>>> print(open('protein.cif').read())   # mmCIF, C-alpha atoms and all ligand atoms
data_start
loop_
_atom_site.label_atom_id
_atom_site.label_comp_id
_atom_site.auth_asym_id
_atom_site.auth_seq_id
_atom_site.Cartn_x
_atom_site.Cartn_y
_atom_site.Cartn_z
CA MET A 1 -26.41 15.54 -232.23
CA LYS A 2 -27.41 15.90 -228.61
CA ARG A 3 -23.75 15.62 -227.66
CA ALA A 4 -22.75 18.35 -230.09
CA LEU A 5 -25.38 20.60 -228.56
CA ALA A 6 -24.13 19.86 -225.07
CA ARG A 7 -20.62 20.62 -226.20
CA THR A 8 -21.68 23.90 -227.73
CA ALA A 9 -23.53 24.80 -224.54
CA PHE A 10 -20.46 23.91 -222.51
CA TYR A 11 -18.34 26.04 -224.77
CA PHE A 12 -20.62 28.99 -224.33
CA THR A 13 -20.49 28.59 -220.58
CA VAL A 14 -16.71 28.50 -220.64
CA ALA A 15 -16.63 31.57 -222.87
CA LEU A 16 -18.97 33.43 -220.54
CA LEU A 17 -16.89 32.49 -217.53
CA ALA A 18 -13.82 33.65 -219.37
CA TRP A 19 -15.47 36.94 -220.08
CA GLY A 20 -15.99 37.34 -216.39
CA ALA A 21 -12.30 36.53 -216.02
CA ILE A 22 -13.01 33.57 -213.77
CA ALA A 23 -11.18 31.12 -216.01
CA VAL A 24 -7.40 30.61 -215.98
CA MET A 25 -5.79 33.98 -216.12
CA ARG A 26 -2.26 35.04 -216.65
CA PRO A 27 -0.59 38.11 -218.10
CA ILE A 28 0.77 37.70 -221.61
CA ARG A 29 4.19 38.55 -220.26
CA THR A 30 5.61 40.38 -217.33
CA PRO A 31 5.89 44.06 -218.20
CA SER A 32 9.39 45.48 -218.01
CA VAL A 33 10.87 48.97 -218.05
CA GLY A 34 10.07 50.76 -221.29
CA ASP A 35 6.83 48.89 -221.92
CA VAL A 36 3.85 51.03 -222.58
CA ILE A 37 0.91 49.66 -220.74
CA SER A 38 -2.26 51.29 -221.80
CA GLY A 39 -5.16 50.95 -219.49
CA ALA A 40 -5.89 47.85 -217.45
CA ARG A 41 -4.00 44.63 -217.96
CA VAL A 42 -5.93 42.34 -220.29
CA ALA A 43 -6.69 38.85 -219.02
CA TRP A 44 -5.24 35.91 -220.93
CA VAL A 45 -7.76 33.15 -221.28
CA GLU A 46 -7.14 29.54 -222.22
CA ARG A 47 -9.65 26.84 -222.90
CA THR A 48 -8.99 23.27 -223.76
CA ASP A 49 -11.23 21.10 -225.87
CA SER A 50 -10.68 17.67 -227.31
CA LEU A 51 -11.25 16.36 -230.79
CA ALA A 52 -14.40 14.23 -230.86
CA LYS A 53 -14.56 11.01 -232.86
CA GLY A 54 -15.09 11.85 -236.52
CA GLU A 55 -14.60 15.56 -235.92
CA THR A 56 -12.09 17.48 -238.04
CA ILE A 57 -9.74 20.04 -236.64
CA THR A 58 -11.25 22.57 -239.03
CA GLY A 59 -14.63 21.87 -237.47
CA LEU A 60 -13.34 22.25 -233.94
CA LEU A 61 -11.50 25.53 -234.61
CA GLY A 62 -14.38 26.83 -236.69
CA ARG A 63 -16.56 26.95 -233.59
CA THR A 64 -14.39 29.73 -232.21
CA LEU A 65 -12.53 31.26 -235.13
CA PRO A 66 -13.75 32.72 -238.43
CA ASP A 67 -13.18 30.43 -241.44
CA GLU A 68 -10.32 32.41 -242.97
CA GLU A 69 -8.48 32.45 -239.63
CA VAL A 70 -8.87 28.67 -239.42
CA GLN A 71 -7.41 28.29 -242.93
CA ASP A 72 -4.45 30.56 -242.12
CA ALA A 73 -3.76 28.82 -238.81
CA LEU A 74 -3.85 25.37 -240.40
CA GLU A 75 -1.58 26.51 -243.22
CA ALA A 76 0.90 27.56 -240.56
CA ALA A 77 0.67 24.03 -239.18
CA GLY A 78 2.36 22.89 -242.40
CA THR A 79 1.97 19.32 -243.45
CA LEU A 80 0.41 17.93 -240.32
CA ASP A 81 0.06 14.16 -240.65
CA PRO A 82 -3.68 13.49 -240.17
CA ARG A 83 -2.78 10.30 -238.28
CA ARG A 84 -1.40 12.52 -235.53
CA LEU A 85 -4.83 14.07 -235.10
CA ARG A 86 -6.49 11.30 -233.12
CA ALA A 87 -9.90 11.54 -231.50
CA GLY A 88 -9.46 12.69 -227.94
CA MET A 89 -6.47 14.88 -228.78
CA ARG A 90 -6.47 18.00 -226.63
CA ILE A 91 -6.41 21.41 -228.24
CA THR A 92 -5.89 24.55 -226.19
CA LEU A 93 -6.98 27.93 -227.50
CA GLY A 94 -5.52 30.96 -225.84
CA GLY A 95 -5.83 34.68 -226.22
CA ALA A 96 -6.76 37.94 -224.65
CA ALA A 97 -10.19 37.83 -223.06
CA ASP A 98 -11.47 40.65 -225.24
CA SER A 99 -10.43 39.24 -228.62
CA ALA A 100 -10.30 36.06 -230.70
CA PRO A 101 -7.76 33.37 -229.76
CA SER A 102 -4.23 34.17 -230.91
CA GLN A 103 -2.64 30.90 -229.89
CA ILE A 104 -3.57 27.29 -230.62
CA LEU A 105 -1.78 24.41 -228.93
CA LEU A 106 -2.22 20.97 -230.47
CA HIS A 107 -1.17 18.38 -227.89
CA LEU A 108 0.33 15.83 -230.27
CA GLY A 109 1.55 13.54 -227.52
CA VAL A 110 2.43 13.58 -223.84
CA ASP A 111 5.66 15.39 -224.62
CA ARG A 112 5.03 16.96 -228.06
CA LEU A 113 2.98 19.96 -228.99
CA LEU A 114 2.42 22.12 -232.03
CA ARG A 115 2.17 25.80 -231.15
CA LEU A 116 0.35 28.04 -233.65
CA THR A 117 0.61 31.74 -232.91
CA ARG A 118 -0.95 34.76 -234.59
CA GLY A 119 1.43 37.67 -234.81
CA ASP A 120 1.44 40.91 -236.77
CA SER A 121 2.23 39.06 -240.00
CA GLY A 122 -0.30 36.29 -239.54
CA TRP A 123 -0.16 32.75 -238.15
CA SER A 124 3.07 30.80 -237.65
CA GLY A 125 3.64 27.29 -236.33
CA ARG A 126 6.34 25.56 -234.35
CA GLU A 127 6.56 22.00 -233.00
CA GLU A 128 7.91 21.81 -229.47
CA THR A 129 9.18 19.08 -227.22
CA ILE A 130 8.04 19.34 -223.64
CA PRO A 131 11.00 18.43 -221.46
CA TRP A 132 10.74 15.65 -218.89
CA GLN A 133 12.06 16.52 -215.47
CA ARG A 134 13.43 13.68 -213.44
CA ASP A 135 13.56 13.17 -209.74
CA THR A 136 13.87 10.11 -207.56
CA LEU A 137 11.17 8.80 -205.33
CA VAL A 138 11.13 6.39 -202.41
CA VAL A 139 7.93 4.39 -202.31
CA SER A 140 7.19 2.10 -199.40
CA GLY A 141 4.34 -0.20 -198.55
CA THR A 142 3.07 -3.36 -196.95
CA VAL A 143 1.39 -6.28 -198.69
CA ASN A 144 -2.08 -7.19 -197.49
CA ALA A 145 -3.62 -8.92 -200.48
CA ASN A 146 -1.38 -8.40 -203.50
CA LEU A 147 1.30 -6.22 -204.94
CA TYR A 148 -1.06 -3.91 -206.87
CA GLU A 149 -2.96 -3.03 -203.73
CA ALA A 150 0.24 -2.50 -201.80
CA PHE A 151 1.44 0.02 -204.39
CA ALA A 152 -1.97 1.67 -204.58
CA ASP A 153 -1.61 2.45 -200.85
CA GLY A 154 2.12 3.10 -200.80
CA ALA A 155 2.52 5.22 -203.90
CA ARG A 156 -0.41 7.61 -203.85
CA GLU A 157 1.68 10.35 -205.42
CA LEU A 158 1.80 8.34 -208.66
CA PRO A 159 -1.14 7.98 -211.07
CA SER A 160 -2.70 4.52 -210.88
CA LYS A 161 -1.43 3.38 -214.29
CA VAL A 162 2.10 4.33 -213.26
CA ARG A 163 1.66 2.47 -209.98
CA ASP A 164 0.79 -0.71 -211.87
CA GLU A 165 3.87 -0.23 -214.00
CA LEU A 166 5.92 0.14 -210.87
CA ALA A 167 4.49 -3.12 -209.50
CA TRP A 168 5.47 -4.83 -212.79
CA SER A 169 8.95 -3.36 -212.72
CA VAL A 170 9.51 -4.53 -209.17
CA ALA A 171 8.21 -8.00 -210.07
CA ASP A 172 10.68 -7.98 -213.00
CA VAL A 173 13.59 -7.16 -210.67
CA PHE A 174 12.71 -10.25 -208.59
CA GLU A 175 11.65 -12.54 -211.44
CA TYR A 176 14.48 -14.99 -210.74
CA ARG A 177 13.97 -14.97 -206.97
CA LEU A 178 10.29 -14.49 -206.19
CA ASP A 179 7.02 -15.18 -207.93
CA MET A 180 5.22 -11.96 -207.04
CA SER A 181 1.85 -13.42 -208.01
CA ARG A 182 2.13 -16.43 -205.66
CA ASP A 183 4.88 -16.13 -203.09
CA LEU A 184 3.94 -12.90 -201.35
CA GLN A 185 2.70 -13.06 -197.79
CA PRO A 186 0.48 -10.62 -195.93
CA GLY A 187 2.86 -8.42 -193.96
CA ASP A 188 5.64 -8.41 -196.56
CA ALA A 189 7.18 -4.93 -196.58
CA PHE A 190 9.02 -3.05 -199.28
CA ARG A 191 10.80 0.17 -200.10
CA VAL A 192 11.53 1.07 -203.70
CA LEU A 193 13.86 3.76 -205.02
CA VAL A 194 12.59 4.73 -208.46
CA GLU A 195 13.10 7.49 -210.99
CA ARG A 196 10.05 9.54 -211.83
CA GLU A 197 9.77 11.77 -214.88
CA ARG A 198 7.24 14.55 -215.23
CA THR A 199 6.32 17.25 -217.71
CA GLN A 200 4.90 20.64 -216.83
CA THR A 201 1.74 19.55 -218.57
CA GLY A 202 1.20 16.93 -215.88
CA ALA A 203 2.32 13.75 -217.64
CA VAL A 204 4.11 11.24 -215.39
CA ARG A 205 6.16 8.21 -216.33
CA LEU A 206 8.56 5.88 -214.60
CA GLY A 207 12.28 5.76 -215.13
CA GLN A 208 14.47 3.00 -213.79
CA VAL A 209 14.00 1.16 -210.54
CA LEU A 210 17.30 1.89 -208.76
CA GLY A 211 16.92 -0.15 -205.63
CA VAL A 212 14.48 -2.34 -203.72
CA ASP A 213 14.40 -3.43 -200.12
CA TYR A 214 12.01 -6.36 -199.76
CA THR A 215 11.21 -8.34 -196.63
CA THR A 216 9.24 -11.56 -197.02
CA ARG A 217 8.83 -14.45 -194.58
CA GLY A 218 11.29 -12.78 -192.26
CA SER A 219 14.10 -12.58 -194.77
CA ARG A 220 15.24 -9.27 -196.15
CA LEU A 221 16.53 -8.86 -199.67
CA ARG A 222 18.14 -5.61 -200.74
CA VAL A 223 18.73 -5.12 -204.42
CA VAL A 224 20.49 -2.39 -206.36
CA ARG A 225 20.84 -1.55 -210.03
CA TYR A 226 24.41 -1.42 -211.23
CA LEU A 227 25.80 -0.29 -214.56
CA ASP A 228 28.89 -2.38 -215.29
CA ARG A 229 31.97 -1.41 -217.31
CA GLU A 230 30.41 -2.68 -220.53
CA GLY A 231 27.44 -0.42 -219.92
CA ARG A 232 25.06 -3.27 -219.10
CA SER A 233 22.61 -2.46 -216.36
CA ARG A 234 21.72 -5.32 -214.06
CA TYR A 235 20.39 -5.94 -210.58
CA PHE A 236 22.47 -7.39 -207.78
CA ASP A 237 21.72 -8.29 -204.19
CA GLU A 238 23.72 -6.48 -201.57
CA ASN A 239 26.34 -9.22 -201.54
CA GLY A 240 27.06 -8.55 -205.19
CA ARG A 241 25.28 -11.66 -206.45
CA SER A 242 23.40 -11.23 -209.72
CA MET A 243 19.60 -11.25 -209.48
CA GLN A 244 19.66 -13.07 -212.79
CA ALA A 245 19.80 -16.84 -212.38
CA MET A 246 19.28 -20.12 -214.24
CA PHE A 247 15.51 -20.14 -213.73
CA LEU A 248 12.67 -17.67 -213.79
CA ARG A 249 10.36 -18.14 -210.81
CA ALA A 250 7.16 -18.10 -212.83
CA PRO A 251 6.11 -19.27 -216.29
CA LEU A 252 3.81 -16.26 -216.75
CA GLU A 253 4.90 -12.67 -216.61
CA PHE A 254 3.52 -10.99 -213.50
CA ARG A 255 1.89 -8.28 -215.64
CA ARG A 256 -0.08 -10.99 -217.45
CA VAL A 257 -1.53 -12.65 -214.38
CA SER A 258 -4.85 -11.29 -213.31
CA SER A 259 -4.49 -9.31 -210.12
CA VAL A 260 -7.91 -10.52 -209.09
CA PHE A 261 -7.14 -14.19 -209.45
CA GLY A 262 -3.53 -13.98 -208.35
CA MET A 263 -4.24 -14.72 -204.73
CA ARG A 264 -7.28 -16.90 -205.14
CA ARG A 265 -7.46 -20.60 -204.50
CA HIS A 266 -6.87 -22.48 -207.69
CA PRO A 267 -9.93 -22.87 -209.87
CA ILE A 268 -9.55 -26.48 -211.04
CA LEU A 269 -12.28 -29.05 -210.39
CA GLY A 270 -9.97 -31.96 -209.72
CA ILE A 271 -9.56 -31.41 -206.01
CA THR A 272 -9.93 -35.12 -205.37
CA ARG A 273 -6.55 -35.70 -206.97
CA ARG A 274 -3.49 -34.77 -205.04
CA HIS A 275 -2.50 -31.54 -206.63
CA ARG A 276 1.22 -30.91 -206.69
CA GLY A 277 1.47 -28.11 -209.17
CA THR A 278 0.87 -24.42 -209.20
CA ASP A 279 -2.12 -22.99 -211.04
CA TYR A 280 -2.06 -19.56 -212.60
CA ALA A 281 -5.39 -18.06 -213.63
CA ALA A 282 -4.86 -15.95 -216.73
CA ALA A 283 -6.71 -15.02 -219.88
CA SER A 284 -6.84 -17.63 -222.61
CA GLY A 285 -4.02 -17.00 -225.07
CA THR A 286 -1.60 -15.49 -222.51
CA PRO A 287 1.95 -16.46 -223.57
CA VAL A 288 3.61 -19.15 -221.45
CA ARG A 289 7.38 -18.94 -221.18
CA ALA A 290 10.04 -21.56 -220.55
CA ILE A 291 11.43 -20.84 -217.10
CA GLY A 292 14.92 -21.97 -218.11
CA ASP A 293 17.06 -23.11 -221.03
CA GLY A 294 16.39 -26.70 -222.01
CA VAL A 295 15.13 -29.28 -224.48
CA VAL A 296 11.45 -30.05 -225.11
CA ILE A 297 10.80 -33.68 -224.20
CA THR A 298 7.00 -33.60 -224.60
CA ALA A 299 4.75 -31.38 -226.69
CA GLY A 300 1.41 -33.09 -227.14
CA ARG A 301 -1.78 -34.24 -225.50
CA MET A 302 -1.96 -35.98 -222.14
CA SER A 303 -5.16 -36.94 -220.35
CA GLY A 304 -5.95 -34.50 -217.57
CA PHE A 305 -3.25 -32.02 -218.56
CA GLY A 306 -4.64 -31.50 -222.08
CA ASN A 307 -2.01 -29.91 -224.30
CA VAL A 308 1.17 -30.15 -222.33
CA VAL A 309 4.83 -29.20 -222.75
CA GLU A 310 7.64 -30.75 -220.75
CA ILE A 311 11.16 -29.35 -220.79
CA ARG A 312 14.35 -30.98 -219.51
CA HIS A 313 16.80 -28.48 -218.01
CA PRO A 314 20.36 -28.79 -216.71
CA ASN A 315 20.85 -30.03 -213.13
CA GLY A 316 18.14 -32.68 -213.50
CA PHE A 317 15.14 -30.34 -213.51
CA VAL A 318 12.07 -30.97 -215.65
CA THR A 319 9.24 -28.43 -215.94
CA ARG A 320 5.68 -29.18 -217.08
CA TYR A 321 3.11 -26.74 -218.47
CA GLY A 322 -0.48 -28.00 -218.83
CA HIS A 323 -3.95 -27.08 -220.19
CA LEU A 324 -2.38 -25.09 -223.05
CA ARG A 325 -4.65 -23.79 -225.79
CA GLY A 326 -1.85 -24.40 -228.26
CA PHE A 327 1.89 -24.57 -228.78
CA ALA A 328 4.20 -21.81 -229.96
CA ASP A 329 5.85 -22.25 -233.37
CA GLY A 330 8.81 -24.57 -233.09
CA THR A 331 7.78 -26.10 -229.77
CA ARG A 332 8.13 -29.78 -230.57
CA ARG A 333 9.87 -32.78 -229.09
CA GLY A 334 13.64 -32.36 -229.33
CA ALA A 335 13.58 -28.59 -229.85
CA ARG A 336 15.89 -26.38 -227.80
CA VAL A 337 14.26 -23.54 -225.93
CA SER A 338 15.84 -20.64 -224.13
CA ILE A 339 14.87 -19.03 -220.87
CA GLY A 340 11.89 -16.70 -221.21
CA SER A 341 10.95 -17.84 -224.71
CA THR A 342 7.27 -18.47 -225.45
CA ILE A 343 6.44 -22.18 -225.68
CA GLY A 344 2.64 -22.07 -225.77
CA TYR A 345 -0.50 -20.24 -224.71
CA VAL A 346 -2.80 -20.48 -221.71
CA GLY A 347 -5.96 -22.45 -222.36
CA MET A 348 -8.30 -24.94 -220.70
CA THR A 349 -7.63 -28.20 -222.49
CA GLY A 350 -7.84 -31.38 -220.39
CA LEU A 351 -9.33 -31.30 -216.92
CA ALA A 352 -9.79 -27.59 -216.39
CA SER A 353 -12.87 -25.58 -215.45
CA GLY A 354 -11.49 -22.28 -216.73
CA PRO A 355 -8.45 -20.95 -218.54
CA HIS A 356 -5.35 -21.41 -216.40
CA LEU A 357 -1.85 -22.74 -216.56
CA HIS A 358 -0.90 -25.79 -214.58
CA PHE A 359 2.81 -25.69 -213.80
CA GLU A 360 5.07 -28.27 -212.18
CA VAL A 361 8.74 -28.60 -211.34
CA LEU A 362 10.07 -32.17 -211.17
CA VAL A 363 13.37 -33.64 -210.02
CA ASN A 364 13.87 -37.35 -210.75
CA GLY A 365 10.18 -37.58 -211.62
CA GLN A 366 9.06 -36.13 -208.27
CA GLN A 367 7.16 -32.86 -208.01
CA ARG A 368 9.03 -30.20 -206.09
CA ASP A 369 7.98 -26.87 -204.64
CA PRO A 370 9.28 -24.25 -207.08
CA ARG A 371 9.75 -21.83 -204.17
CA THR A 372 12.55 -24.00 -202.78
CA ALA A 373 13.61 -26.18 -205.71
CA PHE A 374 15.77 -23.51 -207.33
CA ASN A 375 17.42 -22.13 -204.21
CA SER A 376 20.74 -23.71 -205.19
CA THR A 377 20.71 -22.06 -208.60
CA THR A 378 20.95 -18.38 -207.66
CA GLY A 379 22.93 -15.89 -209.70
CA LEU A 380 26.66 -15.61 -210.20
CA PRO A 381 28.75 -13.18 -208.18
CA LEU A 382 29.97 -9.95 -209.71
CA ALA A 383 33.33 -10.00 -211.49
CA GLU A 384 36.20 -9.13 -209.10
CA GLY A 385 37.22 -6.08 -211.13
CA GLU A 386 33.77 -4.52 -210.70
CA ARG A 387 33.74 -4.81 -206.95
CA GLY A 388 34.98 -1.33 -206.02
CA ALA A 389 32.58 0.52 -208.30
CA PHE A 390 29.71 -1.73 -207.25
CA ASP A 391 30.37 -1.09 -203.55
CA GLU A 392 30.24 2.65 -204.18
CA THR A 393 26.92 2.38 -206.10
CA ARG A 394 25.46 0.11 -203.46
CA ARG A 395 26.44 2.46 -200.62
CA LEU A 396 24.83 5.43 -202.37
CA LEU A 397 21.62 3.69 -203.42
CA LEU A 398 21.02 1.97 -200.10
CA ALA A 399 21.58 5.27 -198.29
CA LEU A 400 18.94 6.90 -200.52
CA LEU A 401 16.62 3.96 -200.02
CA ASP A 402 17.02 4.22 -196.24
CA SER A 403 16.93 8.01 -196.10
CA GLY A 404 13.20 8.06 -195.62
CA SER A 405 12.90 11.25 -197.63
CA THR A 406 10.29 10.77 -200.29
CA THR A 407 11.96 12.73 -203.03
CA VAL A 408 15.56 13.27 -203.91
CA PRO A 409 16.58 15.82 -206.51
CA ASP A 410 17.97 14.51 -209.76
CA GLY A 411 21.68 13.80 -209.72
CA GLY A 412 21.44 12.15 -206.30
CA ALA A 413 21.93 8.80 -207.95
ZN ZN B 1 -3.18 -27.49 -211.59
#
>>> encode(input="protein.cif", output="structure tokens")
Amino acid sequence: MKRALARTAFYFTVALLAWGAIAVMRPIRTPSVGDVISGARVAWVERTDSLAKGETITGLLGRTLPDEEVQDALEAAGTLDPRRLRAGMRITLGGAADSAPSQILLHLGVDRLLRLTRGDSGWSGREETIPWQRDTLVVSGTVNANLYEAFADGARELPSKVRDELAWSVADVFEYRLDMSRDLQPGDAFRVLVERERTQTGAVRLGQVLGVDYTTRGSRLRVVRYLDREGRSRYFDENGRSMQAMFLRAPLEFRRVSSVFGMRRHPILGITRRHRGTDYAAASGTPVRAIGDGVVITAGRMSGFGNVVEIRHPNGFVTRYGHLRGFADGTRRGARVSIGSTIGYVGMTGLASGPHLHFEVLVNGQQRDPRTAFNSTTGLPLAEGERGAFDETRRLLLALLDSGSTTVPDGGA
């Protein structure tokens, strides 16, 4: 009740401001030769409100418009699916400052709106698509603590949600080469060439990552996106070697690993034991994926590791995933699993003080450092016939990446 009062008060304030023509003002249209302009130009006023929880659109409009106007306007809206009228939906009322609103915009989604307009013959409605405009952005940064922070500093022109998405996309590009939640070092530097899409209403979303220049531990990796003859888009290093390889570098998707815990020391109690695995702190129930194709050789309980899955892969590799809360359907001894498929869920069974995944890579029964174990299994080179087109794409994208200009008009790539 109190809130409704506050809202009404707010509305009154906005209306008063509008009367004083302090609110957003713009002429209805630019007058042209032949127009009769009588007296002073009338201010166009817009005010945006949002649908409160449990509030009907009739209720919202009824605060500004007479009942019969509301009925006519909503009739013009046609059969508007009530599910599209979510709480929080923005509604913009517009009109001349000295009369009732003659336009209602229902913001159905980031790029959809329903425009209701009152003309001489009453209200009419039209659904419109707001076009996305694309440009290309170069984002650069340096890692101090983790990738999220690096993007927060390096990509200020993007909204924070979009920055996180960009961090995930970059981690995806490198998912066969680098574990972005564990392998990054303070001082690592990057430049990313990425498509950005925007609407005039201020919505922003990411397009494709077109290229990345990443320097870690003194080695520089430049990656470009290439669309092959079959229309498949994939990432290649600058030597034309596929970024896709036999093994993923991490059993959890980067976007699923807590950014807070990503760089922390591992949380397990058993420090007295020699710890040869990698621990990933993540929420209980987070899907765990097989890092390569293989056959399940263990899916059961083991002291210390709790619920554990072991997979035998080609080239003599075995991977082990411990402390699982449970197993995915079909994960049993003898089952074939493919790269990236879910085999179980993060938990804290066995010797674990909190939910995390214990992960090991073994060769001939010996634990190996996953950062180096898979170095011999990098991606295949590009097909010979694709070489010319790839070289051209690479030249263009790396030039854009190096250009230093922050934005490039669409069509540049
Ligand atoms: Zn561990």
>>> closest_atom_pairs(input="protein.cif", of="chain A", to="ligand ZN 1 (chain B)", cutoff="6 Å", atoms="all atoms listed in the file", output="CSV")
residue,atom,partner,partner_atom,distance
A:Gly277,CA,B:ZN1,ZN,5.3
A:Thr278,CA,B:ZN1,ZN,5.6
A:Asp279,CA,B:ZN1,ZN,4.7
A:His358,CA,B:ZN1,ZN,4.1
>>> closest_residue(input="protein.cif", among="A:Asp49, A:Asp183, A:Glu127, A:Asp391", to="Gly78 (chain A)", atoms="only C-alpha atoms")
A:Glu127
>>> closest_residue(input="protein.cif", among="A:Asp153, A:Asp188, A:Glu69, A:Glu195", to="Leu221 (chain A)", atoms="all atoms listed in the file")
A:Asp188
>>> closest_residue(input="protein.cif", among="A:Leu147, A:Leu396, A:Val209, A:Val346", to="Arg234 (chain A)", atoms="all atoms listed in the file")
A:Val209
>>> residues_around(input="protein.cif", residues="Val170 (chain A)", least_positions_apart="4", cutoff="9 Å", atoms="only C-alpha atoms", output="compact mmCIF listing (two decimals) with C-alpha atoms, keeping the file's coordinate frame")
# COMPACT_ATOMS: atom_id res chain seq x y z
CA GLU A 165 3.87 -0.23 -214.00
CA LEU A 166 5.92 0.14 -210.87
CA PHE A 174 12.71 -10.25 -208.59
CA GLU A 175 11.65 -12.54 -211.44
CA MET A 180 5.22 -11.96 -207.04
CA VAL A 192 11.53 1.07 -203.70
CA VAL A 209 14.00 1.16 -210.54
CA VAL A 212 14.48 -2.34 -203.72
>>> residues_near_point(input="protein.cif", point="(5.8, -15.5, -219.7)", cutoff="6 Å", atoms="all atoms listed in the file", output="number ranges by chain")
A: 251-253, 287-289
>>> closest_residue(input="protein.cif", among="A:Phe327, A:Tyr321, A:Phe305, A:Tyr214", to="Gly350 (chain A)", atoms="only C-alpha atoms")
A:Phe305
>>> build_atoms(input="protein.cif", residues="region 152-166 of chain A", atoms="N, CA, C and O atoms", output="compact mmCIF listing (two decimals), in the frame of the given file")
# COMPACT_ATOMS: atom_id res chain seq x y z
N ALA A 152 -0.89 0.68 -204.56
CA ALA A 152 -1.97 1.67 -204.58
C ALA A 152 -1.96 2.46 -203.27
O ALA A 152 -2.18 3.66 -203.26
N ASP A 153 -1.66 1.77 -202.16
CA ASP A 153 -1.61 2.45 -200.85
C ASP A 153 -0.29 3.18 -200.65
O ASP A 153 -0.26 4.26 -200.09
N GLY A 154 0.79 2.57 -201.12
CA GLY A 154 2.12 3.10 -200.80
C GLY A 154 2.64 4.15 -201.75
O GLY A 154 3.61 4.82 -201.46
N ALA A 155 2.01 4.28 -202.90
CA ALA A 155 2.52 5.22 -203.90
C ALA A 155 1.42 6.13 -204.40
O ALA A 155 1.20 6.28 -205.59
N ARG A 156 0.72 6.75 -203.48
CA ARG A 156 -0.41 7.61 -203.85
C ARG A 156 -0.01 8.77 -204.73
O ARG A 156 -0.82 9.30 -205.47
N GLU A 157 1.27 9.19 -204.62
CA GLU A 157 1.68 10.35 -205.42
C GLU A 157 1.83 10.00 -206.90
O GLU A 157 2.03 10.89 -207.72
N LEU A 158 1.71 8.72 -207.25
CA LEU A 158 1.80 8.34 -208.66
C LEU A 158 0.41 8.03 -209.21
O LEU A 158 -0.41 7.45 -208.50
N PRO A 159 0.15 8.35 -210.47
CA PRO A 159 -1.14 7.98 -211.07
C PRO A 159 -1.28 6.45 -211.09
O PRO A 159 -0.27 5.75 -211.14
N SER A 160 -2.51 5.95 -211.08
CA SER A 160 -2.70 4.52 -210.88
C SER A 160 -2.05 3.66 -211.96
O SER A 160 -1.51 2.59 -211.69
N LYS A 161 -2.07 4.14 -213.21
CA LYS A 161 -1.43 3.38 -214.29
C LYS A 161 0.08 3.24 -214.04
O LYS A 161 0.67 2.20 -214.29
N VAL A 162 0.66 4.32 -213.55
CA VAL A 162 2.10 4.33 -213.26
C VAL A 162 2.41 3.42 -212.07
O VAL A 162 3.43 2.75 -212.04
N ARG A 163 1.48 3.37 -211.13
CA ARG A 163 1.66 2.47 -209.98
C ARG A 163 1.69 1.02 -210.43
O ARG A 163 2.49 0.22 -209.96
N ASP A 164 0.79 0.66 -211.35
CA ASP A 164 0.79 -0.71 -211.87
C ASP A 164 2.10 -1.02 -212.56
O ASP A 164 2.67 -2.09 -212.39
N GLU A 165 2.58 -0.05 -213.33
CA GLU A 165 3.87 -0.23 -214.00
C GLU A 165 4.99 -0.45 -213.00
O GLU A 165 5.88 -1.25 -213.23
N LEU A 166 4.90 0.29 -211.90
CA LEU A 166 5.92 0.14 -210.87
C LEU A 166 5.86 -1.27 -210.26
O LEU A 166 6.89 -1.91 -210.05
